[in-house]
Each structure stands twice: as structure tokens, then as C-alpha cells.
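Peer 1: The following block contains the structure, expressed as C-alpha cells.
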Amino acid sequence: MNQEALVEVKNLKTYFYTEEGVVKAVDGVDFEIYPGETLGVVGESGCGKSVTSLSIMRLVESPPGRIEAGEINFGGRDLTKIPEKEMRKIRGNDISMIFQEPMTSLNPVYTVGDQIMEAIILHKKVDKKEARRQAIDMLQKVGIPLPEQRVDEYPHQLSGGMRQRVMIAMALSCDPQLLIADEPTTALDVTIQAQILELMNSLKESYGMAIMMITHDLG
Ligand SMILES: Nc1ncnc2c1ncn2[C@@H]1O[C@H](COP(=O)(O)OP(=O)(O)O)[C@@H](O)[C@H]1O
Ligand SMILES: [Mg+2]
């Protein structure tokens, strides 16, 4: 197959400049992800998995962090070089990310429906009524029972597994080409972990996005 890579990471180096010295969190990483492909990234805790994914999203805390060298080619552009304004359009539109602990990414004072609707309105330019309809539809797609009811609940009213499903719904609401999942099941019970992985796999089939799946768990 002579298909073009969706993302091409070349010699990526992301360093942190701390009082104790330079932490070379990512030091010369190369990989490619092809459209519709799942790339598994496995490595022990602290080896630089999160910093790699945050670098792709350009969400590395700076200072102290900095992308020191390398290229992240996506859609014909090098994400390490484009202005922040351009990057904001890519984030959530073309590339979405879900994190280990959904409580840190969900806002406790808004209903899950409001948060999914905000993402939908921002990226799809639809009105509130249509966004609500799509939010309920997304909750249904990620396997949340009684979505018409759940849509008006707050994050703390949901279990950890349900919250992670909401995060997946938000991440997919804009139909990204790449979904970065940084240890999406680490905080969950083993049985729920299997359900979430199965869900992501089936959503990948129907949405056709590529997934960068990060874990420290070889199993
Ligand atoms: N804000 C930061 N300041 C200093 N060092 C950091 C910062 N964030 C991450 N690091 C360091 O970068 C390295 C890689 O971290 P990380 O990518 O989070 O690992 P993991 O593979 O567990 O996701 C670790 O040594 C970590 O301590
Ligand atoms: Mg990590």
C-alpha cells in the first residue's frame, strides 16, 4: 500500500527545563500513523508517553517544557511550526485526545450534555436544539443507558466508566481523523476496562479514525 501517513513524527525531542536540570522527556522519537490505523504505544511509567501525545496536541506546559527539535507532520503541515490559532482549529477538530482521569477534563459545574453540546456547537456550527439531539445520539453510541436522562446529569452523578464514555463521546463528536487515548482505562475496574476498549474498537470501525492508544499495561 502506498498510502500517505496521517501523522508522521520525526526525531521529536521535548525537554523540560527545571531547576534540577534538563529533563529529556522525549528524546528523538519517530513513528507514523496511517489513516484508520491503531498504533499501540506501550512503555513503563515516566518513559515519555504522555509528553509525546501532548507534544502532538501542542499542549506541553511551556515553560518549563519545550519542543526542542523534530517534526510532527499532519495534513501537509508541521504542527511544531504553525501558529497557535491554527493549532486550535486542529485540536478537537482533526485530532482529539482522551485522558486517564475523565474528572480532570470534565467540568463539575456543567451537565455532561452541556459539555458535549459545547463541543458540537463549536465544531459543527449547529444550533442548540440540534446540538442537544446530537449529544443524546452520541451518548447512545457510546453505550450510556437512558441517554435522554443522562444528558442532564452532572459528572459526579456518573460512574468512572460512564464518565470515560462521556469523554469518548466528546472526543468523537467532531469526527476527528486521529484520536489519542492516553491510558484511557487505567483508572477503571478491569471489567470496565475491557468494555471501554471494546467500545473504542467498534467506534473506530464505524468512524474510521486512526487511534494512538497509549498504555503501560502490556496485557
Ligand atoms: N511539567 C514537567 N516538568 C518536568 N518534568 C516533566 C513534566 N512533565 C513530565 N515530565 C517528565 O517527563 C518524563 C516523561 O513523563 P510522561 O510523558 O508523563 O511519562 P509517561 O510515559 O508515564 O506518560 C518524566 O520523567 C516526567 O517526570
Ligand atoms: Mg502518562
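So you can find residues: chains in the C-alpha cells are A, B, ... in the order shown, residues in each start at 1, and ligands are numbered from 1 in order.
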At a cut-off of 9 Å, using only C-alpha atoms, what residues contact Gln115 in chain A? Leave out same-chain residues fewer than 5 positions from it and give the result as a ChimeraX atom specification.

Peer 2: /A:106-107,110,120,170

Peer 1: Which residues of chain A have any atom within 8 Å of an atom in ligand 2 when counting only C-alpha atoms and all ligand atoms, and what is the closest pair of atoms for each, with the distance in Å to one decimal? Order the rows by chain and rising number and write it as a tab-separated table.

Peer 2:
```
residue	atom	partner	partner_atom_place_in_ligand_line	distance
A:Ser45	CA	ligand 2	1 (Mg)	6.6
A:Gly46	CA	ligand 2	1 (Mg)	6.7
A:Gly48	CA	ligand 2	1 (Mg)	7.0
A:Lys49	CA	ligand 2	1 (Mg)	5.4
A:Ser50	CA	ligand 2	1 (Mg)	4.1
A:Val51	CA	ligand 2	1 (Mg)	7.3
A:Asp182	CA	ligand 2	1 (Mg)	6.6
A:Glu183	CA	ligand 2	1 (Mg)	7.0
A:Thr215	CA	ligand 2	1 (Mg)	8.0
```

Peer 1: Residues of chain A that approach ligand 1 to 12 Å or less, counting only C-alpha atoms and all ligand atoms: could you list each one with the shortest pair of atoms and its distance in Å to one decimal, rows by chain and increasing residue number, as a tab-separated table?

Peer 2:
```
residue	atom	partner	partner_atom_place_in_ligand_line	distance
A:Lys13	CA	ligand 1	12 (O)	11.3
A:Thr14	CA	ligand 1	12 (O)	8.7
A:Tyr15	CA	ligand 1	12 (O)	7.7
A:Phe16	CA	ligand 1	4 (C)	5.1
A:Tyr17	CA	ligand 1	4 (C)	7.0
A:Thr18	CA	ligand 1	4 (C)	6.2
A:Glu19	CA	ligand 1	4 (C)	9.4
A:Glu20	CA	ligand 1	4 (C)	9.4
A:Gly21	CA	ligand 1	4 (C)	9.4
A:Val22	CA	ligand 1	4 (C)	8.4
A:Val23	CA	ligand 1	5 (N)	5.9
A:Lys24	CA	ligand 1	12 (O)	6.9
A:Ala25	CA	ligand 1	12 (O)	4.0
A:Val26	CA	ligand 1	14 (C)	7.0
A:Asp27	CA	ligand 1	14 (C)	10.2
A:Val41	CA	ligand 1	21 (O)	9.4
A:Val42	CA	ligand 1	21 (O)	8.4
A:Gly43	CA	ligand 1	21 (O)	6.3
A:Glu44	CA	ligand 1	21 (O)	6.1
A:Ser45	CA	ligand 1	22 (O)	3.6
A:Gly46	CA	ligand 1	19 (O)	3.3
A:Cys47	CA	ligand 1	21 (O)	4.0
A:Gly48	CA	ligand 1	17 (O)	3.1
A:Lys49	CA	ligand 1	21 (O)	3.7
A:Ser50	CA	ligand 1	23 (O)	3.6
A:Val51	CA	ligand 1	17 (O)	3.8
A:Thr52	CA	ligand 1	17 (O)	6.3
A:Ser53	CA	ligand 1	17 (O)	8.0
A:Leu54	CA	ligand 1	17 (O)	8.3
A:Ser55	CA	ligand 1	17 (O)	9.6
A:Leu59	CA	ligand 1	1 (N)	10.8
A:Val60	CA	ligand 1	1 (N)	7.6
A:Glu61	CA	ligand 1	1 (N)	6.0
A:Ser62	CA	ligand 1	1 (N)	8.1
A:Pro63	CA	ligand 1	1 (N)	8.1
A:Pro64	CA	ligand 1	3 (N)	6.0
A:Gly65	CA	ligand 1	1 (N)	6.3
A:Arg66	CA	ligand 1	1 (N)	10.0
A:Phe99	CA	ligand 1	23 (O)	10.6
A:Gln100	CA	ligand 1	23 (O)	10.1
A:Ala181	CA	ligand 1	23 (O)	11.4
A:Asp182	CA	ligand 1	23 (O)	7.8
A:Glu183	CA	ligand 1	23 (O)	8.5
A:Pro184	CA	ligand 1	23 (O)	11.9
A:Thr186	CA	ligand 1	22 (O)	11.6
A:Met213	CA	ligand 1	23 (O)	11.9
A:Ile214	CA	ligand 1	23 (O)	8.4
A:Thr215	CA	ligand 1	21 (O)	8.4
A:His216	CA	ligand 1	21 (O)	7.5
A:Asp217	CA	ligand 1	22 (O)	11.2
```

Peer 1: Apply DSSP to the structure's backbone, then extract all residues of range 68-208 of chain A labelled strand (DSSP E or B) and return them as a CSV table (one decimal) with C-alpha atoms, in the first residue's frame.

Peer 2:
```csv
chain,number,residue,atom,x,y,z
A,68,GLU,CA,13.2,21.2,21.2
A,69,ALA,CA,13.6,19.5,17.8
A,70,GLY,CA,11.8,17.4,15.2
A,71,GLU,CA,8.7,17.5,13.1
A,72,ILE,CA,5.1,16.5,13.5
A,73,ASN,CA,3.7,16.4,10.0
A,74,PHE,CA,-0.1,16.3,9.8
A,77,ARG,CA,1.8,20.9,7.8
A,78,ASP,CA,4.4,20.7,10.6
A,91,ARG,CA,-7.3,20.4,18.3
A,95,ILE,CA,-7.1,15.5,16.5
A,96,SER,CA,-8.9,14.7,19.8
A,97,MET,CA,-7.5,13.4,23.0
A,98,ILE,CA,-8.9,11.5,25.9
A,178,LEU,CA,-6.9,10.9,14.9
A,179,LEU,CA,-7.9,10.1,18.5
A,180,ILE,CA,-5.1,10.0,21.0
A,181,ALA,CA,-6.1,7.9,24.0
A,182,ASP,CA,-3.6,8.3,26.9
```

Peer 1: In range 4-217 of chain A, what's alpha helix (DSSP H) per DSSP? Answer as a VMD selection string?

Peer 2: chain A and resid 49 to 57 84 to 90 102 to 105 112 to 124 128 to 141 147 to 150 160 to 172 190 to 207

Peer 1: What is the distance, in Å and to one decimal place, between CA of Gln177 in chain A and CA of Pro147 in chain A?

Peer 2: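 About the pair CA of Gln177 in chain A and CA of Pro147 in chain A: they are 25.4 Å apart.
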
Peer 1: Smallest atom-to-atom distance to Lys10 in chain A: which of A:Pro35, A:Leu79, A:Gly113, A:Gln140, using only C-alpha atoms?

Peer 2: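 Checking each candidate against Lys10 in chain A, we get A:Leu79 as the closest.
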
Peer 1: Which distance in Å separates CA of Asp175 in chain A and CA of Leu139 in chain A, to one decimal?

Peer 2: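 Rounded to one decimal, the two atoms are 14.4 Å apart.
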
Peer 1: Check the smallest atom-to-atom distance from each of A:Ala169, A:Ile56, A:Leu146, A:Val9 to Ile82 in chain A using only C-alpha atoms, then report the winner.

Peer 2: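 Closest to Ile82 in chain A of all the choices is A:Ile56.
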